[in-house]
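Single-structure report; data block below.
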Amino acid sequence: MNDIELGTLLADPTQAGAYFVDARDREALVEAGGTLQFAVLPVDLRACADADAAMCEIAEVLRFPDWFGENLDALADCLGDLSWLPSEGYVLVLENTADWRAQESDTFDTVLEILNQTAQRWAENRVPFWAFLPVSTLDLAAING
């Protein structure tokens, strides 16, 4: 996919959602989001083996307000608002998720659902909300089964 096609894809809120992507495509996604002047938000979850740690890291990077309750409902609420981080679109890059996925696969899957639901809600307002999860080629093959 060339840069123009990638930019066109990212600009389309109806296609947005949470996607595992080949880690080699990370830079192109970040660059395309920046070119579109979207809020590009890399979140390194390397030190997060559970949902509590992951939510705290996400909250810090996305500058969630003080009322963030550090639970899944509050995560959904904050991602669906983002009034403190206005943008024409969002590219969330959740990196190094393997430990968290391995430790709490059910909770991780719930967060993926929240990210996809968030993308659908933002799409209603014509705002693209993407969550990319870069993984190795081997992990991507295993995830895609």
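If you're wondering about the labels, chains in the structure tokens are A, B, ... by order shown, residues count from 1 in each chain, ligands from 1 in order shown.
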Can you pull out every residue within 7 Å of range 78-88 of chain A, counting only C-alpha atoms, but drop anything in the same chain fewer than 3 positions away, and send it as a short mmCIF file (atom, residue, chain, number, x, y, z; two decimals) with C-alpha atoms, in the first residue's frame?
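Below is the file that was written, out23.cif:
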```cif
data_model
loop_
_atom_site.label_atom_id
_atom_site.label_comp_id
_atom_site.auth_asym_id
_atom_site.auth_seq_id
_atom_site.Cartn_x
_atom_site.Cartn_y
_atom_site.Cartn_z
CA PHE A 38 -4.38 13.29 13.58
CA ALA A 39 -3.42 12.89 17.21
CA PHE A 64 -7.13 11.32 30.83
CA ALA A 74 -14.06 4.47 32.63
CA LEU A 75 -11.67 3.55 29.81
CA THR A 118 -15.05 3.51 20.39
CA VAL A 127 -13.94 11.17 13.14
#
```
Give me, as JSON lines, the closest atom pair and its distance (Å, one decimal) for every residue of range 71-132 of chain A within a cut-off of 9 Å of range 49-53 of chain A, counting only C-alpha atoms, rows sorted by chain and rising number.
```
{"residue": "A:Asn71", "atom": "CA", "partner": "A:Asp52", "partner_atom": "CA", "distance": 7.5}
{"residue": "A:Leu72", "atom": "CA", "partner": "A:Ala51", "partner_atom": "CA", "distance": 8.7}
{"residue": "A:Thr97", "atom": "CA", "partner": "A:Ala49", "partner_atom": "CA", "distance": 8.3}
{"residue": "A:Ala98", "atom": "CA", "partner": "A:Ala49", "partner_atom": "CA", "distance": 8.5}
{"residue": "A:Asp99", "atom": "CA", "partner": "A:Ala49", "partner_atom": "CA", "distance": 5.2}
{"residue": "A:Trp100", "atom": "CA", "partner": "A:Ala49", "partner_atom": "CA", "distance": 4.2}
{"residue": "A:Arg101", "atom": "CA", "partner": "A:Ala49", "partner_atom": "CA", "distance": 7.9}
{"residue": "A:Ala102", "atom": "CA", "partner": "A:Ala49", "partner_atom": "CA", "distance": 8.1}
{"residue": "A:Gln103", "atom": "CA", "partner": "A:Ala49", "partner_atom": "CA", "distance": 6.2}
{"residue": "A:Glu104", "atom": "CA", "partner": "A:Asp50", "partner_atom": "CA", "distance": 6.3}
{"residue": "A:Thr107", "atom": "CA", "partner": "A:Ala51", "partner_atom": "CA", "distance": 6.8}
{"residue": "A:Phe108", "atom": "CA", "partner": "A:Ala51", "partner_atom": "CA", "distance": 7.2}
{"residue": "A:Val111", "atom": "CA", "partner": "A:Ala51", "partner_atom": "CA", "distance": 8.7}
```
Quick one: which range 85-126 of chain A residues come within 9 Å of range 21-30 of chain A, and what is the nearest atom pair for each with the distance in Å to one decimal, counting only C-alpha atoms, rows ordered by chain and ascending number, as a tab-separated table?
```
residue	atom	partner	partner_atom	distance
A:Val91	CA	A:Val30	CA	7.4
A:Val93	CA	A:Val30	CA	8.1
A:Glu95	CA	A:Ala23	CA	8.9
```
>> I'd like to know which of A:Ala76, A:Ala131, A:Ile143, A:Cys48 is closest to Tyr90 in chain A, using only C-alpha atoms.
In response: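 Using only C-alpha atoms, the shortest distance to Tyr90 in chain A belongs to A:Ala131.
You can rank A:Gly7, A:Gly33, A:Pro42, A:Gly89 by their closest distance to Trp122 in chain A using only C-alpha atoms, and at the top of that list sits A:Gly89.
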